[in-house]
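See below for protein.cif, which holds mmCIF, C-alpha atoms.
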data_protein
#
loop_
_atom_site.group_PDB
_atom_site.id
_atom_site.type_symbol
_atom_site.label_atom_id
_atom_site.label_comp_id
_atom_site.auth_asym_id
_atom_site.auth_seq_id
_atom_site.Cartn_x
_atom_site.Cartn_y
_atom_site.Cartn_z
ATOM 1 C CA MET A 1 15.373 -16.715 -25.076
ATOM 2 C CA VAL A 2 14.930 -15.265 -21.588
ATOM 3 C CA VAL A 3 13.186 -11.895 -21.469
ATOM 4 C CA LYS A 4 15.095 -9.461 -19.277
ATOM 5 C CA HIS A 5 13.110 -6.956 -17.258
ATOM 6 C CA GLU A 6 14.717 -3.863 -15.820
ATOM 7 C CA ILE A 7 12.118 -2.053 -13.731
ATOM 8 C CA THR A 8 12.497 1.247 -11.941
ATOM 9 C CA LEU A 9 10.014 1.754 -9.115
ATOM 10 C CA TYR A 10 9.395 5.377 -8.139
ATOM 11 C CA ASP A 11 8.731 6.013 -4.458
ATOM 12 C CA VAL A 12 8.620 9.040 -2.164
ATOM 13 C CA ARG A 13 11.381 9.459 0.379
ATOM 14 C CA SER A 14 11.120 9.936 4.149
ATOM 15 C CA THR A 15 13.359 10.070 7.219
ATOM 16 C CA LEU A 16 12.855 6.347 7.833
ATOM 17 C CA ASN A 17 15.589 3.796 7.125
ATOM 18 C CA PRO A 18 14.719 2.361 4.668
ATOM 19 C CA PRO A 19 12.552 5.279 3.507
ATOM 20 C CA ALA A 20 9.550 3.206 2.290
ATOM 21 C CA TRP A 21 6.204 4.101 3.896
ATOM 22 C CA SER A 22 3.629 4.874 1.188
ATOM 23 C CA PRO A 23 0.831 2.253 1.235
ATOM 24 C CA ASN A 24 0.245 2.460 -2.505
ATOM 25 C CA VAL A 25 3.923 1.885 -3.252
ATOM 26 C CA TRP A 26 4.061 -1.011 -0.795
ATOM 27 C CA LYS A 27 1.350 -2.742 -2.832
ATOM 28 C CA THR A 28 3.643 -2.687 -5.857
ATOM 29 C CA ARG A 29 6.794 -3.531 -3.913
ATOM 30 C CA PHE A 30 5.159 -6.619 -2.397
ATOM 31 C CA ILE A 31 4.214 -7.867 -5.863
ATOM 32 C CA LEU A 32 7.667 -7.235 -7.341
ATOM 33 C CA ASN A 33 9.318 -9.098 -4.471
ATOM 34 C CA TYR A 34 6.787 -11.935 -4.495
ATOM 35 C CA LYS A 35 7.197 -12.505 -8.224
ATOM 36 C CA ARG A 36 10.980 -12.110 -7.915
ATOM 37 C CA ILE A 37 11.110 -9.375 -10.527
ATOM 38 C CA ALA A 38 14.373 -7.440 -10.640
ATOM 39 C CA TYR A 39 13.888 -3.749 -9.872
ATOM 40 C CA THR A 40 15.516 -0.719 -8.320
ATOM 41 C CA THR A 41 13.833 2.062 -6.373
ATOM 42 C CA CYS A 42 14.233 5.684 -7.358
ATOM 43 C CA TRP A 43 13.524 7.865 -4.317
ATOM 44 C CA LEU A 44 11.854 11.170 -5.080
ATOM 45 C CA SER A 45 11.295 14.260 -3.025
ATOM 46 C CA TYR A 46 7.613 15.217 -2.877
ATOM 47 C CA PRO A 47 8.094 18.504 -4.796
ATOM 48 C CA ASP A 48 9.988 16.702 -7.585
ATOM 49 C CA ILE A 49 7.362 14.050 -8.385
ATOM 50 C CA GLY A 50 5.460 16.327 -10.752
ATOM 51 C CA GLU A 51 8.611 17.036 -12.762
ATOM 52 C CA VAL A 52 10.437 13.707 -12.757
ATOM 53 C CA LEU A 53 7.558 11.371 -13.658
ATOM 54 C CA PRO A 54 6.340 13.148 -16.815
ATOM 55 C CA ALA A 55 9.961 13.539 -17.899
ATOM 56 C CA VAL A 56 10.372 9.739 -17.950
ATOM 57 C CA GLY A 57 7.058 9.212 -19.732
ATOM 58 C CA VAL A 58 4.827 8.202 -16.829
ATOM 59 C CA PRO A 59 1.172 9.141 -17.453
ATOM 60 C CA PRO A 60 -0.710 11.259 -14.912
ATOM 61 C CA THR A 61 -2.705 9.416 -12.269
ATOM 62 C CA ARG A 62 -5.265 12.130 -11.632
ATOM 63 C CA THR A 63 -7.100 14.919 -13.477
ATOM 64 C CA GLN A 64 -6.583 17.328 -10.572
ATOM 65 C CA LYS A 65 -3.497 18.256 -8.575
ATOM 66 C CA PRO A 66 -1.396 16.349 -7.797
ATOM 67 C CA PHE A 67 -1.525 14.984 -11.342
ATOM 68 C CA TYR A 68 1.411 12.606 -10.843
ATOM 69 C CA THR A 69 1.719 10.169 -7.962
ATOM 70 C CA VAL A 70 3.703 7.170 -6.804
ATOM 71 C CA PRO A 71 3.909 4.296 -7.334
ATOM 72 C CA SER A 72 4.971 4.585 -10.917
ATOM 73 C CA ILE A 73 7.207 2.218 -12.831
ATOM 74 C CA VAL A 74 9.300 2.248 -15.971
ATOM 75 C CA ASP A 75 9.901 -1.216 -17.396
ATOM 76 C CA GLN A 76 12.666 -1.440 -19.988
ATOM 77 C CA THR A 77 12.418 -4.942 -21.433
ATOM 78 C CA ASP A 78 14.657 -5.980 -24.324
ATOM 79 C CA GLY A 79 14.492 -2.585 -25.995
ATOM 80 C CA LEU A 80 10.839 -1.901 -25.167
ATOM 81 C CA ARG A 81 9.896 0.770 -22.663
ATOM 82 C CA ILE A 82 6.641 0.758 -20.670
ATOM 83 C CA ALA A 83 5.812 3.553 -18.223
ATOM 84 C CA LEU A 84 2.851 3.087 -15.889
ATOM 85 C CA SER A 85 1.211 4.778 -12.910
ATOM 86 C CA ASP A 86 -1.423 3.766 -10.333
ATOM 87 C CA SER A 87 -0.902 0.692 -8.151
ATOM 88 C CA ALA A 88 -3.903 -1.209 -9.575
ATOM 89 C CA ASN A 89 -2.767 -0.679 -13.188
ATOM 90 C CA ILE A 90 0.735 -1.773 -12.263
ATOM 91 C CA ALA A 91 -0.571 -4.887 -10.518
ATOM 92 C CA MET A 92 -2.509 -5.934 -13.616
ATOM 93 C CA TYR A 93 0.521 -5.312 -15.832
ATOM 94 C CA LEU A 94 2.870 -7.319 -13.610
ATOM 95 C CA GLU A 95 0.384 -10.188 -13.452
ATOM 96 C CA LYS A 96 0.172 -10.227 -17.254
ATOM 97 C CA THR A 97 3.917 -10.060 -17.840
ATOM 98 C CA HIS A 98 4.843 -12.332 -14.892
ATOM 99 C CA PRO A 99 1.855 -14.660 -14.377
ATOM 100 C CA LEU A 100 3.642 -16.959 -11.927
ATOM 101 C CA PRO A 101 3.238 -16.992 -9.030
ATOM 102 C CA PRO A 102 -0.243 -15.498 -9.427
ATOM 103 C CA ILE A 103 -1.693 -12.732 -7.276
ATOM 104 C CA PHE A 104 -5.221 -13.600 -8.406
ATOM 105 C CA PRO A 105 -5.470 -17.206 -7.213
ATOM 106 C CA GLU A 106 -9.098 -17.518 -8.298
ATOM 107 C CA ALA A 107 -8.091 -16.542 -11.886
ATOM 108 C CA ASP A 108 -10.841 -13.902 -11.784
ATOM 109 C CA PRO A 109 -9.338 -10.566 -10.581
ATOM 110 C CA GLY A 110 -12.827 -9.428 -9.603
ATOM 111 C CA VAL A 111 -12.792 -11.680 -6.533
ATOM 112 C CA GLN A 112 -9.718 -9.979 -5.078
ATOM 113 C CA LEU A 113 -10.966 -6.538 -6.106
ATOM 114 C CA ASP A 114 -14.206 -7.138 -4.204
ATOM 115 C CA TYR A 115 -12.175 -7.946 -1.081
ATOM 116 C CA ILE A 116 -10.195 -4.741 -1.602
ATOM 117 C CA ASP A 117 -13.397 -2.690 -1.755
ATOM 118 C CA VAL A 118 -14.261 -3.969 1.723
ATOM 119 C CA ILE A 119 -10.737 -3.280 3.004
ATOM 120 C CA GLU A 120 -10.805 0.285 1.735
ATOM 121 C CA ALA A 121 -14.282 1.010 3.090
ATOM 122 C CA HIS A 122 -13.805 -0.449 6.566
ATOM 123 C CA VAL A 123 -10.082 -0.092 7.297
ATOM 124 C CA TYR A 124 -8.340 2.350 4.987
ATOM 125 C CA ALA A 125 -11.035 5.045 5.201
ATOM 126 C CA PRO A 126 -10.838 5.582 8.997
ATOM 127 C CA MET A 127 -7.050 5.168 8.961
ATOM 128 C CA ILE A 128 -6.721 8.126 6.597
ATOM 129 C CA PHE A 129 -7.913 10.533 9.277
ATOM 130 C CA MET A 130 -5.455 9.054 11.780
ATOM 131 C CA THR A 131 -2.372 8.621 9.622
ATOM 132 C CA VAL A 132 -2.277 11.563 7.217
ATOM 133 C CA PRO A 133 -1.643 14.130 9.986
ATOM 134 C CA SER A 134 0.903 11.935 11.801
ATOM 135 C CA THR A 135 2.914 11.368 8.609
ATOM 136 C CA THR A 136 4.543 14.742 9.292
ATOM 137 C CA ARG A 137 6.764 13.003 11.860
ATOM 138 C CA ILE A 138 8.634 11.069 9.125
ATOM 139 C CA LEU A 139 9.141 13.993 6.726
ATOM 140 C CA GLU A 140 11.502 16.934 6.816
ATOM 141 C CA GLY A 141 12.744 19.865 4.746
ATOM 142 C CA ARG A 142 11.218 20.306 1.290
ATOM 143 C CA ASP A 143 9.150 17.149 1.681
ATOM 144 C CA LEU A 144 7.521 18.346 4.881
ATOM 145 C CA ASP A 145 6.903 21.829 3.487
ATOM 146 C CA TYR A 146 5.258 20.404 0.370
ATOM 147 C CA TYR A 147 3.199 17.945 2.385
ATOM 148 C CA LEU A 148 1.891 20.642 4.716
ATOM 149 C CA ASP A 149 1.058 22.947 1.809
ATOM 150 C CA SER A 150 -0.654 20.329 -0.344
ATOM 151 C CA ARG A 151 -2.581 17.954 1.925
ATOM 152 C CA GLU A 152 -5.377 20.367 2.825
ATOM 153 C CA GLU A 153 -5.954 21.243 -0.840
ATOM 154 C CA PHE A 154 -5.739 17.561 -1.802
ATOM 155 C CA LEU A 155 -8.053 16.238 0.941
ATOM 156 C CA GLY A 156 -10.285 19.231 1.592
ATOM 157 C CA ILE A 157 -9.590 19.325 5.332
ATOM 158 C CA ALA A 158 -6.809 20.841 7.415
ATOM 159 C CA LEU A 159 -4.419 18.340 9.013
ATOM 160 C CA GLU A 160 -5.143 19.644 12.502
ATOM 161 C CA ASP A 161 -8.849 18.997 11.987
ATOM 162 C CA MET A 162 -8.456 15.341 10.935
ATOM 163 C CA PHE A 163 -7.604 13.642 14.234
ATOM 164 C CA PRO A 164 -7.929 16.144 17.085
ATOM 165 C CA PRO A 165 -8.508 14.761 20.612
ATOM 166 C CA HIS A 166 -12.266 15.258 20.587
ATOM 167 C CA LYS A 167 -12.635 13.216 17.369
ATOM 168 C CA GLN A 168 -10.276 10.405 18.285
ATOM 169 C CA PRO A 169 -12.681 8.097 20.200
ATOM 170 C CA ALA A 170 -15.181 8.029 17.316
ATOM 171 C CA ILE A 171 -12.469 7.427 14.694
ATOM 172 C CA TRP A 172 -10.919 4.643 16.742
ATOM 173 C CA GLN A 173 -14.356 3.088 17.153
ATOM 174 C CA SER A 174 -14.916 3.282 13.392
ATOM 175 C CA LEU A 175 -11.597 1.556 12.704
ATOM 176 C CA GLU A 176 -12.089 -1.174 15.279
ATOM 177 C CA GLU A 177 -15.622 -1.894 14.073
ATOM 178 C CA GLY A 178 -14.286 -1.952 10.513
ATOM 179 C CA LEU A 179 -11.640 -4.514 11.465
ATOM 180 C CA ASP A 180 -14.334 -6.625 13.112
ATOM 181 C CA LYS A 181 -16.415 -6.538 9.916
ATOM 182 C CA LEU A 182 -13.406 -7.468 7.809
ATOM 183 C CA ALA A 183 -12.566 -10.313 10.190
ATOM 184 C CA SER A 184 -16.123 -11.637 9.848
ATOM 185 C CA LEU A 185 -15.772 -11.638 6.069
ATOM 186 C CA ILE A 186 -12.464 -13.508 6.295
ATOM 187 C CA ASP A 187 -13.954 -16.088 8.657
ATOM 188 C CA SER A 188 -16.739 -16.751 6.148
ATOM 189 C CA LEU A 189 -14.367 -17.554 3.277
ATOM 190 C CA PRO A 190 -13.836 -21.200 2.264
ATOM 191 C CA ARG A 191 -10.805 -22.962 3.663
ATOM 192 C CA ARG A 192 -8.616 -25.675 2.230
ATOM 193 C CA GLY A 193 -8.499 -28.302 4.944
ATOM 194 C CA ARG A 194 -8.494 -27.001 8.502
ATOM 195 C CA HIS A 195 -6.164 -24.065 7.962
ATOM 196 C CA ARG A 196 -6.033 -20.995 5.761
ATOM 197 C CA ARG A 197 -2.524 -19.553 5.572
ATOM 198 C CA TRP A 198 -3.501 -16.290 3.880
ATOM 199 C CA LEU A 199 -6.479 -14.089 4.674
ATOM 200 C CA PHE A 200 -7.712 -13.731 1.095
ATOM 201 C CA SER A 201 -6.361 -16.834 -0.627
ATOM 202 C CA ALA A 202 -7.086 -20.522 -0.107
ATOM 203 C CA THR A 203 -3.871 -21.458 -1.938
ATOM 204 C CA ASP A 204 -0.307 -21.559 -0.630
ATOM 205 C CA GLY A 205 0.354 -18.078 -2.025
ATOM 206 C CA PRO A 206 -1.130 -14.704 -1.055
ATOM 207 C CA GLY A 207 -3.800 -12.915 -3.052
ATOM 208 C CA TYR A 208 -3.629 -9.321 -4.208
ATOM 209 C CA ALA A 209 -5.933 -8.319 -1.340
ATOM 210 C CA ASP A 210 -3.395 -9.715 1.157
ATOM 211 C CA PHE A 211 -0.800 -7.356 -0.303
ATOM 212 C CA VAL A 212 -3.192 -4.405 -0.218
ATOM 213 C CA LEU A 213 -4.135 -4.931 3.423
ATOM 214 C CA GLY A 214 -0.515 -5.605 4.358
ATOM 215 C CA ALA A 215 0.531 -2.375 2.642
ATOM 216 C CA ILE A 216 -2.068 -0.423 4.622
ATOM 217 C CA PHE A 217 -0.782 -1.938 7.865
ATOM 218 C CA CYS A 218 2.823 -1.057 6.906
ATOM 219 C CA TRP A 219 1.727 2.532 6.392
ATOM 220 C CA PHE A 220 -0.154 2.575 9.687
ATOM 221 C CA GLU A 221 2.815 1.162 11.586
ATOM 222 C CA LYS A 222 5.433 3.429 10.014
ATOM 223 C CA ALA A 223 3.502 6.712 9.684
ATOM 224 C CA GLY A 224 0.455 6.372 11.934
ATOM 225 C CA PRO A 225 0.066 7.757 15.453
ATOM 226 C CA MET A 226 2.681 6.452 17.860
ATOM 227 C CA GLY A 227 1.569 3.119 19.309
ATOM 228 C CA ALA A 228 -1.489 2.852 17.046
ATOM 229 C CA TRP A 229 -0.351 -0.345 15.312
ATOM 230 C CA ASN A 230 0.201 -2.063 18.667
ATOM 231 C CA ARG A 231 -3.399 -1.271 19.576
ATOM 232 C CA ILE A 232 -4.816 -3.294 16.669
ATOM 233 C CA ARG A 233 -2.156 -5.802 15.627
ATOM 234 C CA TYR A 234 -3.433 -8.632 17.857
ATOM 235 C CA ARG A 235 -7.122 -7.838 17.437
ATOM 236 C CA ASN A 236 -9.470 -10.429 15.909
ATOM 237 C CA GLY A 237 -7.448 -13.421 16.992
ATOM 238 C CA GLY A 238 -4.141 -12.032 15.753
ATOM 239 C CA LYS A 239 -5.161 -12.043 12.068
ATOM 240 C CA TRP A 240 -3.436 -8.753 11.325
ATOM 241 C CA GLU A 241 -0.139 -9.583 13.013
ATOM 242 C CA HIS A 242 -0.156 -12.980 11.290
ATOM 243 C CA LEU A 243 -0.580 -11.307 7.891
ATOM 244 C CA VAL A 244 2.262 -8.842 8.456
ATOM 245 C CA GLU A 245 4.564 -11.637 9.629
ATOM 246 C CA GLY A 246 3.640 -13.726 6.590
ATOM 247 C CA LEU A 247 4.553 -10.874 4.245
ATOM 248 C CA GLN A 248 8.036 -10.387 5.686
ATOM 249 C CA PRO A 249 9.750 -12.463 2.954
ATOM 250 C CA PHE A 250 8.351 -9.993 0.403
ATOM 251 C CA SER A 251 9.213 -6.833 2.333
ATOM 252 C CA LYS A 252 12.702 -6.139 1.011
ATOM 253 C CA VAL A 253 13.319 -2.551 -0.097
ATOM 254 C CA LEU A 254 15.614 -2.649 -3.133
#
Whole structure given in structure tokens:
Amino acid sequence: MVVKHEITLYDVRSTLNPPAWSPNVWKTRFILNYKRIAYTTCWLSYPDIGEVLPAVGVPPTRTQKPFYTVPSIVDQTDGLRIALSDSANIAMYLEKTHPLPPIFPEADPGVQLDYIDVIEAHVYAPMIFMTVPSTTRILEGRDLDYYLDSREEFLGIALEDMFPPHKQPAIWQSLEEGLDKLASLIDSLPRRGRHRRWLFSATDGPGYADFVLGAIFCWFEKAGPMGAWNRIRYRNGGKWEHLVEGLQPFSKVL
């Protein structure tokens, strides 16, 4: 008997078409598409996240405001109902319930998680200061008002103080040096034959870290400073552009 999965993916809306921009949600969306799991996206306004998610049984992600975040999923499978939050938790759940194709090609999730630690330290961290303030350009109405009111409390710094002109050269330098360090790590990884199709997997399929880095680049392209993605996409021998192109088959927004 075939098990039927009906998954609802909760995401935050924007003025983009399609609205998807959140890096954490892109991590989950890539996995759902890659594993060919049927799902639908429920688009939420920022102010409604804290009401809608607990109402459908999703557990809180954090112990401080905002308690509830996206991505969250509700999986209704043959009468069972599983509600989950946090992209890493969701990834582990989807790998367990849909093991093929795998997102942990080494069988040990710790290998991919170690790669992700490097990605977050050297790429995501400097991008935060660049992209959080520029995200205002893809929000409007209640979403923009909520975002402006909550980001300073959430991050501990005013948006206007994150990426002002006098800080931009140092932040750009931090990002570019971080990409160089990540590229050096990738170049040191074992290859299968002469070529390595994916940055963090020696198999024919991507690893979880490929999805995580790809999700960060999607966020940077869609919500980052204008032209910022073009500044880095061909850096380090075109690794980053190659990754984004490779992920296109798994980029559908359903």
- Task: Mind checking which residues fall within 6 Å of stretch 8-16 of chain A, counting all atoms listed in the file, ignoring those fewer than 4 positions away in the same chain, and posting them as number ranges by chain?
- Result: A: 39-45, 70-74, 138-139
- Item | Counting only C-alpha atoms, the option among A:Pro47, A:Met162, A:Ala170, A:Pro60 closest to A:Asp143 |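 Among A:Pro47, A:Met162, A:Ala170, A:Pro60, it is A:Pro47 that comes nearest to A:Asp143.
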- For the structure provided, state which residues fall under the PyMOL selection byres ((chain A and resi 118-125) around 12), and present them as a count of residues only. 50
- Among the residues A:Ala88, A:Ala20, A:Ala228, A:Ala83, the one that comes closest to A:Gln168 [using only C-alpha atoms]: A:Ala228
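Shortest atom-to-atom contact with A:Phe104 among A:Met92, A:Glu51, A:Tyr46, A:Arg137: A:Met92, counting all atoms listed in the file.
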- note - atom CA of A:Leu100 and atom CA of A:Arg29 are separated by 16.0 Å
- Gap from atom CA of A:Ala55 to atom CA of A:Leu80 - Å, one decimal: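 Spanning atom CA of A:Ala55 to atom CA of A:Leu80 is a straight-line distance of 17.1 Å.
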- Give me, please, the distance in Å between atom CA of A:Lys65 and atom CA of A:Asp86, quoted to one decimal.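 Spanning atom CA of A:Lys65 to atom CA of A:Asp86 is a straight-line distance of 14.7 Å.
Distances from A:Met226, A:Ile90, A:Ala158, A:Leu144 to A:Leu32 were compared using all atoms listed in the file, and the smallest one belongs to A:Ile90.
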To box stretch 150-165 of chain A, take all atoms listed in the file, fit an axis-aligned box, add 5 Å on each side, and give centre and edge lengths in Å to one decimal, as JSON.
{"center_x": -5.5, "center_y": 17.4, "center_z": 9.4, "size_x": 19.6, "size_y": 17.6, "size_z": 32.4}
- Apply the PyMOL selection byres ((chain A and resi 246) around 12) to the file shown and report the selected residues as a PyMOL selection string. chain A and resi 30+34+197-199+204-206+210-211+214+239-245+247-251
Could stretch 12-39 of chain A be completed with N, CA and C atoms and written as a JSON list (two decimals), in the frame of the given file, please?
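As a result, part.json now contains:
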[["chain", "number", "residue", "atom", "x", "y", "z"],
["A", 12, "VAL", "N", 8.37, 7.76, -2.81],
["A", 12, "VAL", "CA", 8.62, 9.04, -2.16],
["A", 12, "VAL", "C", 9.47, 8.81, -0.91],
["A", 13, "ARG", "N", 10.42, 9.66, -0.70],
["A", 13, "ARG", "CA", 11.38, 9.46, 0.38],
["A", 13, "ARG", "C", 10.78, 9.88, 1.73],
["A", 14, "SER", "N", 11.50, 9.54, 2.80],
["A", 14, "SER", "CA", 11.12, 9.94, 4.15],
["A", 14, "SER", "C", 12.38, 9.90, 5.01],
["A", 15, "THR", "N", 12.22, 10.15, 6.30],
["A", 15, "THR", "CA", 13.36, 10.07, 7.22],
["A", 15, "THR", "C", 13.58, 8.66, 7.75],
["A", 16, "LEU", "N", 12.71, 7.72, 7.38],
["A", 16, "LEU", "CA", 12.86, 6.35, 7.83],
["A", 16, "LEU", "C", 14.05, 5.68, 7.15],
["A", 17, "ASN", "N", 14.51, 4.58, 7.72],
["A", 17, "ASN", "CA", 15.59, 3.80, 7.12],
["A", 17, "ASN", "C", 15.19, 2.31, 7.16],
["A", 18, "PRO", "N", 14.82, 1.75, 6.00],
["A", 18, "PRO", "CA", 14.72, 2.36, 4.67],
["A", 18, "PRO", "C", 13.55, 3.32, 4.58],
["A", 19, "PRO", "N", 13.53, 4.18, 3.54],
["A", 19, "PRO", "CA", 12.55, 5.28, 3.51],
["A", 19, "PRO", "C", 11.11, 4.87, 3.20],
["A", 20, "ALA", "N", 10.86, 3.61, 2.80],
["A", 20, "ALA", "CA", 9.55, 3.21, 2.29],
["A", 20, "ALA", "C", 8.45, 3.32, 3.35],
["A", 21, "TRP", "N", 7.35, 3.99, 2.99],
["A", 21, "TRP", "CA", 6.20, 4.10, 3.90],
["A", 21, "TRP", "C", 4.87, 4.18, 3.15],
["A", 22, "SER", "N", 4.87, 4.65, 1.92],
["A", 22, "SER", "CA", 3.63, 4.87, 1.19],
["A", 22, "SER", "C", 2.86, 3.57, 0.98],
["A", 23, "PRO", "N", 1.58, 3.50, 1.39],
["A", 23, "PRO", "CA", 0.83, 2.25, 1.24],
["A", 23, "PRO", "C", 0.66, 1.84, -0.22],
["A", 24, "ASN", "N", 0.44, 2.80, -1.10],
["A", 24, "ASN", "CA", 0.24, 2.46, -2.50],
["A", 24, "ASN", "C", 1.51, 1.89, -3.12],
["A", 25, "VAL", "N", 2.67, 2.42, -2.72],
["A", 25, "VAL", "CA", 3.92, 1.88, -3.25],
["A", 25, "VAL", "C", 4.21, 0.50, -2.66],
["A", 26, "TRP", "N", 3.86, 0.31, -1.39],
["A", 26, "TRP", "CA", 4.06, -1.01, -0.80],
["A", 26, "TRP", "C", 3.28, -2.08, -1.53],
["A", 27, "LYS", "N", 2.11, -1.76, -2.05],
["A", 27, "LYS", "CA", 1.35, -2.74, -2.83],
["A", 27, "LYS", "C", 2.19, -3.25, -4.00],
["A", 28, "THR", "N", 2.82, -2.32, -4.71],
["A", 28, "THR", "CA", 3.64, -2.69, -5.86],
["A", 28, "THR", "C", 4.91, -3.40, -5.43],
["A", 29, "ARG", "N", 5.54, -2.91, -4.37],
["A", 29, "ARG", "CA", 6.79, -3.53, -3.91],
["A", 29, "ARG", "C", 6.56, -4.98, -3.49],
["A", 30, "PHE", "N", 5.47, -5.24, -2.78],
["A", 30, "PHE", "CA", 5.16, -6.62, -2.40],
["A", 30, "PHE", "C", 5.07, -7.53, -3.63],
["A", 31, "ILE", "N", 4.39, -7.05, -4.66],
["A", 31, "ILE", "CA", 4.21, -7.87, -5.86],
["A", 31, "ILE", "C", 5.55, -8.12, -6.56],
["A", 32, "LEU", "N", 6.35, -7.08, -6.70],
["A", 32, "LEU", "CA", 7.67, -7.24, -7.34],
["A", 32, "LEU", "C", 8.52, -8.26, -6.59],
["A", 33, "ASN", "N", 8.53, -8.16, -5.27],
["A", 33, "ASN", "CA", 9.32, -9.10, -4.47],
["A", 33, "ASN", "C", 8.74, -10.51, -4.54],
["A", 34, "TYR", "N", 7.43, -10.62, -4.48],
["A", 34, "TYR", "CA", 6.79, -11.94, -4.50],
["A", 34, "TYR", "C", 7.04, -12.66, -5.82],
["A", 35, "LYS", "N", 6.97, -11.92, -6.90],
["A", 35, "LYS", "CA", 7.20, -12.50, -8.22],
["A", 35, "LYS", "C", 8.68, -12.56, -8.59],
["A", 36, "ARG", "N", 9.53, -12.09, -7.71],
["A", 36, "ARG", "CA", 10.98, -12.11, -7.92],
["A", 36, "ARG", "C", 11.37, -11.39, -9.21],
["A", 37, "ILE", "N", 10.81, -10.21, -9.36],
["A", 37, "ILE", "CA", 11.11, -9.38, -10.53],
["A", 37, "ILE", "C", 12.21, -8.40, -10.13],
["A", 38, "ALA", "N", 13.27, -8.35, -10.94],
["A", 38, "ALA", "CA", 14.37, -7.44, -10.64],
["A", 38, "ALA", "C", 13.92, -5.99, -10.80],
["A", 39, "TYR", "N", 14.25, -5.16, -9.81],
["A", 39, "TYR", "CA", 13.89, -3.75, -9.87],
["A", 39, "TYR", "C", 14.82, -2.94, -8.98]]
